[in-house]
>>> print(open('start_30.cif').read())   # mmCIF, C-alpha atoms
data_coords
#
loop_
_atom_site.label_atom_id
_atom_site.label_comp_id
_atom_site.auth_asym_id
_atom_site.auth_seq_id
_atom_site.Cartn_x
_atom_site.Cartn_y
_atom_site.Cartn_z
CA MET A 1 -29.68 22.10 20.78
CA GLU A 2 -30.29 25.81 20.65
CA LYS A 3 -27.96 27.56 23.06
CA LYS A 4 -30.50 30.28 23.78
CA ASN A 5 -32.65 27.68 25.55
CA ARG A 6 -29.77 26.50 27.73
CA ALA A 7 -28.48 28.06 30.92
CA ILE A 8 -24.79 27.51 31.63
CA LEU A 9 -24.64 27.37 35.42
CA THR A 10 -20.88 27.09 35.87
CA SER A 11 -20.17 30.85 35.91
CA GLY A 12 -21.75 33.99 37.34
CA ASN A 13 -22.95 34.96 40.80
CA VAL A 14 -24.15 31.83 42.63
CA LYS A 15 -26.86 33.54 44.67
CA SER A 16 -28.29 35.32 41.62
CA ILE A 17 -28.36 32.12 39.56
CA LEU A 18 -30.09 30.16 42.33
CA ILE A 19 -32.74 32.88 42.60
CA GLU A 20 -33.14 33.02 38.81
CA LEU A 21 -33.65 29.25 38.64
CA THR A 22 -35.86 28.99 41.73
CA ILE A 23 -38.47 31.65 40.89
CA PRO A 24 -39.84 29.88 37.77
CA MET A 25 -39.67 26.59 39.65
CA ILE A 26 -41.81 28.10 42.42
CA PHE A 27 -44.57 28.88 39.93
CA GLY A 28 -44.32 25.42 38.42
CA MET A 29 -44.57 23.70 41.79
CA LEU A 30 -47.33 26.10 42.78
CA GLY A 31 -49.25 24.83 39.79
CA MET A 32 -48.96 21.24 40.98
CA ILE A 33 -49.85 22.18 44.55
CA ILE A 34 -52.92 24.08 43.35
CA PHE A 35 -53.69 20.97 41.31
CA ASN A 36 -53.90 18.84 44.48
CA LEU A 37 -55.52 21.48 46.67
CA VAL A 38 -58.29 22.09 44.13
CA ASP A 39 -59.02 18.35 44.00
CA THR A 40 -59.13 18.30 47.80
CA TYR A 41 -61.34 21.40 47.98
CA PHE A 42 -64.00 20.22 45.53
CA VAL A 43 -64.02 16.57 46.63
CA GLY A 44 -64.36 17.83 50.21
CA LYS A 45 -67.66 19.43 49.17
CA LEU A 46 -69.00 15.98 48.29
CA GLY A 47 -68.65 14.77 51.88
CA THR A 48 -66.30 13.43 54.53
CA ASN A 49 -66.27 9.88 53.08
CA GLN A 50 -65.23 11.14 49.65
CA LEU A 51 -62.53 13.35 51.20
CA ALA A 52 -61.25 10.39 53.22
CA ALA A 53 -61.19 8.27 50.03
CA LEU A 54 -59.00 10.86 48.31
CA THR A 55 -56.69 10.83 51.34
CA PHE A 56 -56.35 7.05 51.13
CA THR A 57 -55.37 7.27 47.43
CA PHE A 58 -52.59 9.74 48.19
CA PRO A 59 -49.89 7.23 49.35
CA VAL A 60 -50.45 5.00 46.30
CA VAL A 61 -50.45 7.93 43.87
CA LEU A 62 -47.24 9.14 45.52
CA ILE A 63 -45.57 5.76 44.97
CA ILE A 64 -46.02 6.10 41.20
CA ASN A 65 -45.01 9.76 41.37
CA SER A 66 -41.93 8.71 43.33
CA LEU A 67 -40.92 6.32 40.57
CA ALA A 68 -41.24 9.14 38.03
CA GLN A 69 -39.40 11.62 40.24
CA GLY A 70 -36.62 9.12 40.87
CA LEU A 71 -36.13 8.46 37.17
CA GLY A 72 -36.38 12.21 36.54
CA MET A 73 -33.67 12.97 39.10
CA GLY A 74 -31.50 10.23 37.62
CA ALA A 75 -31.96 11.74 34.16
CA SER A 76 -31.38 15.30 35.44
CA SER A 77 -28.20 14.30 37.26
CA VAL A 78 -26.51 12.48 34.38
CA ILE A 79 -27.71 14.95 31.71
CA SER A 80 -26.56 18.00 33.67
CA ARG A 81 -23.13 16.42 34.18
CA ALA A 82 -22.91 15.63 30.46
CA ILE A 83 -23.70 19.28 29.74
CA GLY A 84 -20.96 20.36 32.15
CA GLU A 85 -18.59 18.03 30.28
CA GLY A 86 -19.67 19.53 26.92
CA ASP A 87 -20.72 16.13 25.42
CA HIS A 88 -23.79 16.88 23.24
CA HIS A 89 -24.22 13.35 21.85
CA LYS A 90 -24.20 11.97 25.38
CA VAL A 91 -26.90 14.50 26.35
CA GLN A 92 -29.11 13.34 23.45
CA ARG A 93 -28.61 9.66 24.20
CA LEU A 94 -29.36 10.04 27.92
CA ALA A 95 -32.47 12.19 27.36
CA THR A 96 -33.91 9.81 24.74
CA ASP A 97 -33.25 6.68 26.74
CA SER A 98 -34.68 8.14 29.94
CA LEU A 99 -38.07 8.49 28.22
CA SER A 100 -38.05 4.99 26.71
CA LEU A 101 -37.19 3.55 30.14
CA SER A 102 -40.03 5.48 31.79
CA ILE A 103 -42.59 4.19 29.27
CA ILE A 104 -41.57 0.56 29.86
CA LEU A 105 -41.90 0.97 33.62
CA VAL A 106 -45.27 2.72 33.27
CA ILE A 107 -46.72 -0.29 31.44
CA ILE A 108 -45.59 -2.61 34.23
CA PHE A 109 -47.01 -0.40 36.99
CA VAL A 110 -50.39 0.07 35.28
CA ILE A 111 -50.90 -3.67 34.92
CA ILE A 112 -49.97 -4.29 38.56
CA GLY A 113 -51.96 -1.29 39.83
CA LEU A 114 -55.26 -2.08 38.12
CA SER A 115 -55.19 -5.67 39.38
CA THR A 116 -54.44 -4.80 43.02
CA ILE A 117 -56.68 -1.82 43.85
CA GLU A 118 -58.95 -3.57 46.36
CA PRO A 119 -56.36 -5.60 48.32
CA ILE A 120 -53.90 -2.68 48.56
CA PHE A 121 -56.48 -0.25 49.92
CA GLU A 122 -57.92 -2.82 52.31
CA LEU A 123 -54.43 -3.02 53.81
CA LEU A 124 -54.50 0.77 54.22
CA GLY A 125 -57.69 0.52 56.27
CA VAL A 126 -60.34 1.46 53.68
CA ASN A 127 -63.78 0.24 54.78
CA ALA A 128 -66.76 -0.85 52.68
CA ASP A 129 -68.32 2.64 52.70
CA ILE A 130 -65.23 4.30 51.23
CA MET A 131 -63.92 1.57 48.89
CA PRO A 132 -66.31 2.39 45.98
CA TYR A 133 -64.98 5.98 45.87
CA VAL A 134 -61.38 4.76 45.97
CA LYS A 135 -62.00 2.31 43.10
CA GLU A 136 -63.71 5.04 41.04
CA TYR A 137 -60.74 7.34 41.35
CA MET A 138 -57.86 4.88 40.98
CA SER A 139 -59.31 2.95 38.01
CA ILE A 140 -59.25 6.15 35.97
CA TRP A 141 -55.99 7.47 37.42
CA TYR A 142 -54.08 4.29 36.53
CA ILE A 143 -55.23 4.43 32.91
CA GLY A 144 -53.78 7.93 32.59
CA VAL A 145 -50.57 7.29 34.54
CA VAL A 146 -48.40 7.58 31.40
CA PHE A 147 -49.38 11.26 31.34
CA VAL A 148 -47.97 11.58 34.87
CA VAL A 149 -44.69 9.71 34.56
CA VAL A 150 -43.34 10.75 31.13
CA PRO A 151 -43.75 14.53 31.71
CA MET A 152 -42.03 14.27 35.11
CA VAL A 153 -39.01 12.62 33.53
CA GLY A 154 -39.15 14.98 30.54
CA ASN A 155 -39.38 18.11 32.68
CA ASN A 156 -36.36 17.02 34.69
CA ALA A 157 -34.42 16.63 31.44
CA ILE A 158 -35.45 20.18 30.48
CA ARG A 159 -34.33 21.49 33.91
CA ALA A 160 -30.97 19.79 33.44
CA LEU A 161 -30.44 22.24 30.58
CA GLY A 162 -30.83 25.08 33.09
CA ASP A 163 -34.36 25.89 31.83
CA THR A 164 -36.75 26.01 34.78
CA LYS A 165 -39.12 28.51 33.13
CA THR A 166 -40.64 26.18 30.56
CA PRO A 167 -41.55 23.35 32.97
CA GLY A 168 -42.94 25.97 35.34
CA ILE A 169 -45.20 27.47 32.70
CA VAL A 170 -46.38 24.03 31.56
CA MET A 171 -47.28 22.99 35.10
CA MET A 172 -49.21 26.22 35.70
CA VAL A 173 -51.20 25.67 32.49
CA SER A 174 -51.94 22.09 33.55
CA ALA A 175 -53.14 23.27 36.97
CA THR A 176 -55.38 25.89 35.34
CA ILE A 177 -57.02 23.23 33.18
CA ASN A 178 -57.61 21.10 36.27
CA VAL A 179 -59.12 24.05 38.17
CA ILE A 180 -61.58 24.62 35.31
CA LEU A 181 -62.51 20.97 34.77
CA ASP A 182 -62.82 19.89 38.42
CA PRO A 183 -66.11 21.65 39.30
CA LEU A 184 -67.57 20.93 35.84
CA LEU A 185 -66.97 17.17 36.05
CA ILE A 186 -67.36 16.65 39.80
CA PHE A 187 -70.68 18.50 40.20
CA GLY A 188 -72.06 18.30 36.65
CA VAL A 189 -72.19 22.00 35.74
CA GLY A 190 -74.10 22.84 32.54
CA PRO A 191 -73.89 20.09 29.91
CA PHE A 192 -71.31 18.12 31.89
CA PRO A 193 -72.46 14.98 33.79
CA ARG A 194 -72.13 14.82 37.60
CA LEU A 195 -69.31 12.30 38.05
CA GLY A 196 -68.26 12.93 41.67
CA VAL A 197 -64.88 11.45 42.62
CA ALA A 198 -64.50 9.99 39.11
CA GLY A 199 -64.79 13.52 37.72
CA ALA A 200 -61.76 14.59 39.76
CA ALA A 201 -59.75 11.69 38.31
CA ILE A 202 -60.80 12.48 34.72
CA ALA A 203 -59.89 16.16 35.17
CA THR A 204 -56.47 15.11 36.46
CA VAL A 205 -55.80 12.81 33.49
CA ILE A 206 -56.83 15.46 30.93
CA ALA A 207 -54.71 18.16 32.58
CA ARG A 208 -51.69 15.85 32.81
CA ALA A 209 -52.08 14.91 29.13
CA VAL A 210 -51.31 18.53 28.27
CA THR A 211 -47.96 18.34 30.09
CA PHE A 212 -47.23 15.09 28.23
CA ILE A 213 -47.73 16.67 24.80
CA VAL A 214 -45.80 19.86 25.60
CA ALA A 215 -42.86 18.05 27.21
CA LEU A 216 -42.43 15.82 24.16
CA TYR A 217 -42.67 18.83 21.81
CA ILE A 218 -39.95 20.70 23.70
CA LEU A 219 -37.57 17.76 23.96
CA ILE A 220 -38.02 16.53 20.38
CA ILE A 221 -38.72 19.69 18.34
CA ARG A 222 -37.35 22.69 20.24
CA GLU A 223 -34.33 21.38 22.10
CA LYS A 224 -33.68 18.38 19.83
CA ILE A 225 -32.23 16.36 22.69
CA VAL A 226 -34.69 13.49 22.24
CA ILE A 227 -33.87 11.86 18.92
CA VAL A 228 -36.30 9.55 17.12
CA GLN A 229 -33.88 7.15 15.47
CA SER A 230 -32.52 3.67 16.01
CA ALA A 231 -29.63 3.15 18.39
CA LYS A 232 -27.33 0.32 19.31
CA ILE A 233 -28.79 -1.75 22.13
CA GLU A 234 -25.46 -1.50 23.95
CA GLU A 235 -25.75 2.31 23.98
CA VAL A 236 -29.33 2.21 25.25
CA ILE A 237 -28.48 -0.24 28.03
CA SER A 238 -25.46 1.86 28.97
CA SER A 239 -27.70 4.92 29.28
CA TRP A 240 -30.27 3.00 31.32
CA LYS A 241 -27.56 1.83 33.71
CA LYS A 242 -26.33 5.39 34.26
CA ILE A 243 -29.86 6.72 34.78
CA LEU A 244 -30.86 3.85 37.08
CA TYR A 245 -27.68 4.14 39.13
CA ILE A 246 -28.99 7.49 40.34
CA GLY A 247 -32.68 7.01 39.54
CA LEU A 248 -33.38 3.61 41.09
CA PRO A 249 -32.07 4.34 44.59
CA ASN A 250 -33.74 7.74 44.39
CA ALA A 251 -37.05 6.25 43.21
CA LEU A 252 -36.95 3.56 45.90
CA THR A 253 -36.06 6.21 48.45
CA LYS A 254 -38.91 8.44 47.36
CA MET A 255 -41.23 5.43 47.51
CA ILE A 256 -40.29 5.12 51.16
CA ASN A 257 -42.19 8.35 51.84
CA PRO A 258 -45.58 7.16 50.51
CA ILE A 259 -45.07 3.68 52.00
CA ALA A 260 -44.42 5.30 55.37
CA MET A 261 -47.33 7.64 54.71
CA GLY A 262 -49.51 4.59 54.08
CA ILE A 263 -48.48 3.21 57.48
CA ILE A 264 -49.14 6.57 59.12
CA THR A 265 -52.50 6.93 57.30
CA SER A 266 -53.50 3.50 58.61
CA LEU A 267 -52.41 4.60 62.09
CA VAL A 268 -54.35 7.85 61.74
CA ALA A 269 -57.40 5.87 60.60
CA SER A 270 -57.52 4.18 64.00
CA HIS A 271 -58.52 7.58 65.41
CA GLY A 272 -61.56 7.95 63.10
CA ILE A 273 -62.56 8.87 59.53
CA GLU A 274 -62.77 12.59 60.39
CA VAL A 275 -59.14 12.45 61.51
CA VAL A 276 -58.15 10.81 58.20
CA ALA A 277 -59.95 13.55 56.26
CA GLY A 278 -58.26 16.27 58.31
CA TYR A 279 -54.87 14.64 57.91
CA GLY A 280 -55.40 14.53 54.14
CA VAL A 281 -56.18 18.24 53.99
CA ALA A 282 -53.20 19.12 56.19
CA THR A 283 -50.66 17.11 54.17
CA ARG A 284 -51.81 18.78 50.97
CA LEU A 285 -51.56 22.21 52.57
CA GLU A 286 -48.07 21.24 53.68
CA ARG A 287 -46.91 21.02 50.07
CA PHE A 288 -47.91 24.66 49.67
CA ALA A 289 -46.07 25.61 52.85
CA LEU A 290 -42.90 23.88 51.62
CA LEU A 291 -43.14 25.50 48.19
CA LEU A 292 -40.09 27.77 48.46
CA VAL A 293 -37.64 25.25 49.85
CA GLY A 294 -39.08 22.50 47.63
CA ALA A 295 -38.43 24.57 44.53
CA LEU A 296 -34.92 25.40 45.71
CA SER A 297 -34.05 21.76 46.43
CA THR A 298 -35.29 20.75 42.97
CA ILE A 299 -33.09 23.21 41.07
CA MET A 300 -30.05 22.23 43.18
CA ALA A 301 -29.67 19.03 41.11
CA PRO A 302 -28.99 20.72 37.74
CA PHE A 303 -26.93 23.49 39.36
CA ILE A 304 -24.71 21.12 41.30
CA GLY A 305 -24.62 18.62 38.42
CA GLN A 306 -23.31 21.12 35.89
CA ASN A 307 -20.75 22.57 38.31
CA TYR A 308 -19.63 19.13 39.46
CA GLY A 309 -19.20 18.07 35.82
CA ALA A 310 -17.12 21.21 35.22
CA GLY A 311 -15.02 20.69 38.38
CA ARG A 312 -16.32 23.84 40.12
CA MET A 313 -16.61 22.47 43.67
CA ASP A 314 -16.29 25.95 45.17
CA ARG A 315 -19.64 26.85 43.60
CA VAL A 316 -21.19 23.59 44.80
CA LYS A 317 -20.20 24.27 48.42
CA LEU A 318 -21.43 27.87 48.32
CA SER A 319 -24.80 26.89 46.82
CA ILE A 320 -25.46 24.36 49.58
CA SER A 321 -24.53 26.82 52.33
CA LEU A 322 -26.79 29.55 50.93
CA SER A 323 -29.67 27.11 50.45
CA GLU A 324 -29.56 25.78 54.02
CA LYS A 325 -29.65 29.31 55.45
CA PHE A 326 -32.59 30.22 53.21
CA SER A 327 -34.50 27.11 54.32
CA LEU A 328 -34.24 27.97 58.02
CA ILE A 329 -35.20 31.65 57.59
CA SER A 330 -38.09 31.21 55.14
CA SER A 331 -39.58 28.25 57.01
CA GLY A 332 -39.56 30.24 60.26
CA VAL A 333 -41.73 32.90 58.62
CA ILE A 334 -44.11 30.26 57.20
CA PHE A 335 -44.48 28.65 60.63
CA LEU A 336 -45.62 31.95 62.15
CA ILE A 337 -48.18 32.52 59.38
CA LEU A 338 -49.66 29.02 59.69
CA ALA A 339 -49.77 29.20 63.48
CA ILE A 340 -51.88 32.37 63.28
CA PHE A 341 -54.23 31.37 60.46
CA ALA A 342 -54.50 27.58 60.99
CA LYS A 343 -58.25 27.41 61.73
CA PRO A 344 -59.44 29.82 59.02
CA ILE A 345 -57.36 27.92 56.46
CA ALA A 346 -58.80 24.59 57.62
CA GLY A 347 -62.32 25.97 57.36
CA LEU A 348 -61.89 26.50 53.63
CA PHE A 349 -61.78 22.75 53.01
CA SER A 350 -64.43 21.36 55.38
CA ASN A 351 -67.39 22.42 57.50
CA ASP A 352 -66.87 19.49 59.88
CA SER A 353 -65.53 20.83 63.20
CA SER A 354 -63.64 17.58 63.87
CA VAL A 355 -61.83 17.82 60.53
CA ILE A 356 -61.00 21.50 61.13
CA SER A 357 -59.60 20.66 64.56
CA VAL A 358 -57.25 17.99 63.15
CA VAL A 359 -55.98 20.33 60.40
CA ALA A 360 -55.36 23.12 62.91
CA LYS A 361 -53.42 20.84 65.28
CA TYR A 362 -51.24 19.68 62.40
CA LEU A 363 -50.50 23.26 61.30
CA TRP A 364 -49.64 24.29 64.87
CA ILE A 365 -47.13 21.47 65.36
CA VAL A 366 -45.55 20.13 62.17
CA PRO A 367 -44.38 23.45 60.60
CA ILE A 368 -41.93 23.83 63.50
CA GLY A 369 -39.78 21.33 61.62
CA TYR A 370 -40.09 22.77 58.09
CA GLY A 371 -36.68 24.50 58.21
CA VAL A 372 -34.78 21.32 59.04
CA GLN A 373 -36.96 19.35 56.62
CA GLY A 374 -35.70 21.72 53.95
CA ILE A 375 -32.10 20.96 54.89
CA LEU A 376 -32.79 17.24 54.42
CA LEU A 377 -34.37 17.89 50.99
CA ILE A 378 -31.41 20.03 49.90
CA SER A 379 -28.93 17.45 51.18
CA THR A 380 -30.48 14.50 49.34
CA SER A 381 -30.74 16.52 46.12
CA ALA A 382 -27.08 17.53 46.43
CA LEU A 383 -25.92 13.97 47.11
CA ASN A 384 -27.76 12.66 44.03
CA ALA A 385 -26.12 15.33 41.86
CA LEU A 386 -22.73 14.42 43.36
CA ASN A 387 -23.25 10.80 42.28
CA LYS A 388 -23.89 9.61 45.82
CA PRO A 389 -27.46 8.17 45.54
CA ILE A 390 -26.91 5.50 48.19
CA HIS A 391 -26.00 8.17 50.76
CA ALA A 392 -29.23 10.03 49.90
CA SER A 393 -31.26 6.82 50.16
CA ILE A 394 -29.86 5.91 53.56
CA LEU A 395 -30.67 9.37 54.92
CA THR A 396 -34.30 9.07 53.83
CA ILE A 397 -34.61 5.54 55.22
CA ILE A 398 -33.25 6.73 58.57
CA GLN A 399 -35.70 9.64 58.65
CA MET A 400 -38.76 7.57 57.73
CA PHE A 401 -38.29 4.08 59.15
CA GLY A 402 -35.56 4.69 61.69
CA LEU A 403 -37.28 7.71 63.25
CA TYR A 404 -40.69 8.81 61.96
CA VAL A 405 -42.66 5.54 61.91
CA PRO A 406 -41.38 4.19 65.27
CA LEU A 407 -41.86 7.58 66.95
CA ALA A 408 -45.36 7.91 65.43
CA LEU A 409 -46.36 4.50 66.78
CA LEU A 410 -45.06 5.45 70.22
CA GLY A 411 -46.56 8.94 70.04
CA SER A 412 -49.96 7.65 68.97
CA HIS A 413 -50.01 5.26 71.92
CA LEU A 414 -48.96 7.90 74.45
CA PHE A 415 -50.50 11.14 73.16
CA GLY A 416 -52.92 10.23 70.36
CA ILE A 417 -52.95 12.26 67.14
CA ILE A 418 -50.76 15.00 68.65
CA GLY A 419 -48.07 12.39 69.30
CA ILE A 420 -48.11 11.40 65.61
CA PHE A 421 -47.71 15.01 64.50
CA GLY A 422 -44.93 15.67 67.02
CA SER A 423 -42.98 12.66 65.79
CA ILE A 424 -42.65 14.30 62.37
CA VAL A 425 -40.82 17.29 63.85
CA VAL A 426 -38.44 15.17 65.93
CA SER A 427 -37.61 12.86 62.99
CA TYR A 428 -36.73 15.78 60.71
CA LEU A 429 -34.64 17.54 63.33
CA ILE A 430 -32.43 14.50 63.93
CA SER A 431 -32.16 13.47 60.26
CA ALA A 432 -31.33 17.04 59.16
CA CYS A 433 -28.38 17.13 61.55
CA ILE A 434 -27.14 13.80 60.18
CA SER A 435 -27.63 14.87 56.54
CA HIS A 436 -25.76 18.15 57.06
CA TYR A 437 -22.81 16.21 58.47
CA VAL A 438 -22.84 13.66 55.62
CA VAL A 439 -22.91 16.32 52.88
CA LYS A 440 -20.13 18.26 54.57
CA LYS A 441 -18.01 15.10 54.78
CA VAL A 442 -18.61 14.27 51.10
CA LEU A 443 -17.78 17.81 49.98
CA TYR A 444 -14.53 17.96 51.90
CA ASN A 445 -13.39 14.43 51.19
CA LYS A 446 -11.66 14.48 47.83
CA LYS A 447 -11.82 10.72 47.35
CA ALA A 448 -15.57 10.68 48.00
CA LEU A 449 -16.07 12.94 44.98
CA ASP A 450 -14.36 10.64 42.52
CA VAL A 451 -16.86 9.23 39.99
#
>>> encode(input="start_30.cif", output="structure tokens")
Amino acid sequence: MEKKNRAILTSGNVKSILIELTIPMIFGMLGMIIFNLVDTYFVGKLGTNQLAALTFTFPVVLIINSLAQGLGMGASSVISRAIGEGDHHKVQRLATDSLSLSIILVIIFVIIGLSTIEPIFELLGVNADIMPYVKEYMSIWYIGVVFVVVPMVGNNAIRALGDTKTPGIVMMVSATINVILDPLLIFGVGPFPRLGVAGAAIATVIARAVTFIVALYILIIREKIVIVQSAKIEEVISSWKKILYIGLPNALTKMINPIAMGIITSLVASHGIEVVAGYGVATRLERFALLLVGALSTIMAPFIGQNYGAGRMDRVKLSISLSEKFSLISSGVIFLILAIFAKPIAGLFSNDSSVISVVAKYLWIVPIGYGVQGILLISTSALNALNKPIHASILTIIQMFGLYVPLALLGSHLFGIIGIFGSIVVSYLISACISHYVVKKVLYNKKALDV
């Protein structure tokens, strides 16, 4: 592994290193957010039914993404700790085996996904008018899912090295390709056929394929941490166990979010298709609003992992404290911006006044809780890096199924769509307080940090 491509995160000014890691990550995540927003923008031009169809696909797409992110975080956690320990062979073995594990799981999910499209989306509340658009999109998306999962795991392995620039650049390039292809394939510009919703899915698969190729090149050729050679089955299984110990609880936890989102989407659907479309736009805009704190929480895993592996708990504690303060301050600024420009922003994605109204209401209410949502994200990332995945999972379960879903059901009954949106804020406020306490207890309890 070439040392010039690695960042040793166990020395130097903590604040400066966090900033240095976060900035490239911001651009990378921005690429993926643009990816989704562009899909939403162009599909929205096809009509409200097509926009609603894309909204219904979101929870299912997120479930697969959650699997990839969980495996990626498992890989990032164990690889970053191996780097902190200075064990190069262990780094190679873990990186290689994380990719082989992801490919096996992709095959299983594609087979299940393609055979269950109609029944799954019927459960989510998709009607006969919208189902054809959903089937168009998901049939293509499932075929290309390997291009989604493998790069996510691979990019997390690259970040574990302390390199957030390369994944960021790759994701921006992928988003640019999607921006170019979307209008060509959706509307049939020039020699391209008009494919509608299917065009958006094809553009996504092609753009993701680029990240697949580049991630493999970097891991195999440049960094040489993925090795193409036979290994003892005992070694591979040992690696899988280590990755899954962190990755499986994290993946299952992340799947809780789209499962809960599916329940909420079904609940939202009871208020009308226009409300579903508006909710879909708002949740995609939310990813943009959470860009800064999302990027920061992502780079916390390799930073804490390397320092934990090196025994530098003072740096771990300082990084968490700085990150929580940043989340509260930056999210307060974002809330003010969205509160002022909610309706003009909504108008960019739909001409339907009902859709615009739903988006505006969401942006007036939900961003109040972005600061504490950031604290929860930082806390779960930190706990995974500290080898406490079960703690992170329990926190997410409490937030989603202990608070959000029950409060949304009650809020919908009492106050309609505003009650659903308000329940998000309350659930994050309570769960952030709990997560802050849990992390503090883990950090200051010496026994809890024993691996």
>>> atom_distance(input="start_30.cif", atom1="CA of Tyr428 (chain A)", atom2="CA of Leu244 (chain A)")
27.1 Å
>>> residues_around(input="start_30.cif", residues="Ala160 (chain A)", least_positions_apart="2", cutoff="8 Å", atoms="all atoms listed in the file", output="PyMOL selection string")
chain A and resi 76-77+79-80+156-158+162-163+301-302
>>> atom_distance(input="start_30.cif", atom1="CA of Ile398 (chain A)", atom2="CA of Arg81 (chain A)")
28.1 Å
>>> closest_residue(input="start_30.cif", among="A:Tyr137, A:Phe121, A:Tyr308, A:Phe212", to="Ile103 (chain A)", atoms="only C-alpha atoms")
A:Phe212
>>> atom_distance(input="start_30.cif", atom1="CA of Val214 (chain A)", atom2="CA of Leu181 (chain A)")
19.1 Å
>>> resolve_selection(input="start_30.cif", expression="the PyMOL selection byres ((chain A and resi 424) around 10)", output="PyMOL selection string")
chain A and resi 365-370+373+399-400+403-405+407-408+419-423+425-429
>>> resolve_selection(input="start_30.cif", expression="the PyMOL selection byres ((chain A and resi 382) around 8)", output="PDB file with C-alpha atoms, in the frame of the given file")
ATOM      1  CA  MET A 300     -30.050  22.230  43.180  1.00  0.00           C
ATOM      2  CA  ALA A 301     -29.670  19.030  41.110  1.00  0.00           C
ATOM      3  CA  ILE A 304     -24.710  21.120  41.300  1.00  0.00           C
ATOM      4  CA  ILE A 320     -25.460  24.360  49.580  1.00  0.00           C
ATOM      5  CA  ILE A 378     -31.410  20.030  49.900  1.00  0.00           C
ATOM      6  CA  SER A 379     -28.930  17.450  51.180  1.00  0.00           C
ATOM      7  CA  THR A 380     -30.480  14.500  49.340  1.00  0.00           C
ATOM      8  CA  SER A 381     -30.740  16.520  46.120  1.00  0.00           C
ATOM      9  CA  LEU A 383     -25.920  13.970  47.110  1.00  0.00           C
ATOM     10  CA  ASN A 384     -27.760  12.660  44.030  1.00  0.00           C
ATOM     11  CA  ALA A 385     -26.120  15.330  41.860  1.00  0.00           C
ATOM     12  CA  LEU A 386     -22.730  14.420  43.360  1.00  0.00           C
ATOM     13  CA  VAL A 439     -22.910  16.320  52.880  1.00  0.00           C
TER      14      VAL A 439
END
>>> resolve_selection(input="start_30.cif", expression="the PyMOL selection byres ((chain A and resi 101) around 12)", output="compact mmCIF listing (two decimals) with C-alpha atoms, keeping the file's coordinate frame")
# COMPACT_ATOMS: atom_id res chain seq x y z
CA LEU A 67 -40.92 6.32 40.57
CA ALA A 68 -41.24 9.14 38.03
CA LEU A 71 -36.13 8.46 37.17
CA GLY A 72 -36.38 12.21 36.54
CA GLY A 74 -31.50 10.23 37.62
CA ALA A 75 -31.96 11.74 34.16
CA LEU A 94 -29.36 10.04 27.92
CA ALA A 95 -32.47 12.19 27.36
CA THR A 96 -33.91 9.81 24.74
CA ASP A 97 -33.25 6.68 26.74
CA SER A 98 -34.68 8.14 29.94
CA LEU A 99 -38.07 8.49 28.22
CA SER A 100 -38.05 4.99 26.71
CA SER A 102 -40.03 5.48 31.79
CA ILE A 103 -42.59 4.19 29.27
CA ILE A 104 -41.57 0.56 29.86
CA LEU A 105 -41.90 0.97 33.62
CA VAL A 106 -45.27 2.72 33.27
CA ILE A 107 -46.72 -0.29 31.44
CA ILE A 108 -45.59 -2.61 34.23
CA VAL A 146 -48.40 7.58 31.40
CA VAL A 149 -44.69 9.71 34.56
CA VAL A 150 -43.34 10.75 31.13
CA VAL A 153 -39.01 12.62 33.53
CA GLY A 154 -39.15 14.98 30.54
CA VAL A 236 -29.33 2.21 25.25
CA ILE A 237 -28.48 -0.24 28.03
CA SER A 238 -25.46 1.86 28.97
CA SER A 239 -27.70 4.92 29.28
CA TRP A 240 -30.27 3.00 31.32
CA LYS A 241 -27.56 1.83 33.71
CA LYS A 242 -26.33 5.39 34.26
CA ILE A 243 -29.86 6.72 34.78
CA LEU A 244 -30.86 3.85 37.08
CA GLY A 247 -32.68 7.01 39.54
CA LEU A 248 -33.38 3.61 41.09
>>> axis_aligned_box(input="start_30.cif", around="region 74-87 of chain A", padding_each_side="6 Å", output="lines of an AutoDock Vina configuration file")
center_x = -25.3
center_y = 15.3
center_z = 31.5
size_x = 25.4
size_y = 22.1
size_z = 24.2
>>> closest_atom_pairs(input="start_30.cif", of="region 39-81 of chain A", to="region 191-210 of chain A", cutoff="12 Å", atoms="all atoms listed in the file", output="Markdown table")
| residue | atom | partner | partner_atom | distance |
| --- | --- | --- | --- | --- |
| A:Asp39 | CA | A:Ala200 | CA | 6.3 |
| A:Thr40 | CA | A:Ala200 | CA | 9.2 |
| A:Tyr41 | CA | A:Ala200 | CA | 10.7 |
| A:Phe42 | CA | A:Ala200 | CA | 8.4 |
| A:Val43 | CA | A:Val197 | CA | 6.6 |
| A:Gly44 | CA | A:Val197 | CA | 9.9 |
| A:Lys45 | CA | A:Gly196 | CA | 9.9 |
| A:Leu46 | CA | A:Gly196 | CA | 7.3 |
| A:Gly47 | CA | A:Gly196 | CA | 10.4 |
| A:Asn49 | CA | A:Val197 | CA | 10.7 |
| A:Gln50 | CA | A:Val197 | CA | 7.0 |
| A:Leu51 | CA | A:Val197 | CA | 9.1 |
| A:Ala52 | CA | A:Val197 | CA | 11.3 |
| A:Ala53 | CA | A:Val197 | CA | 8.9 |
| A:Leu54 | CA | A:Val197 | CA | 8.2 |
| A:Thr55 | CA | A:Val197 | CA | 12.0 |
| A:Thr57 | CA | A:Ala201 | CA | 11.0 |
| A:Val61 | CA | A:Ala201 | CA | 11.5 |
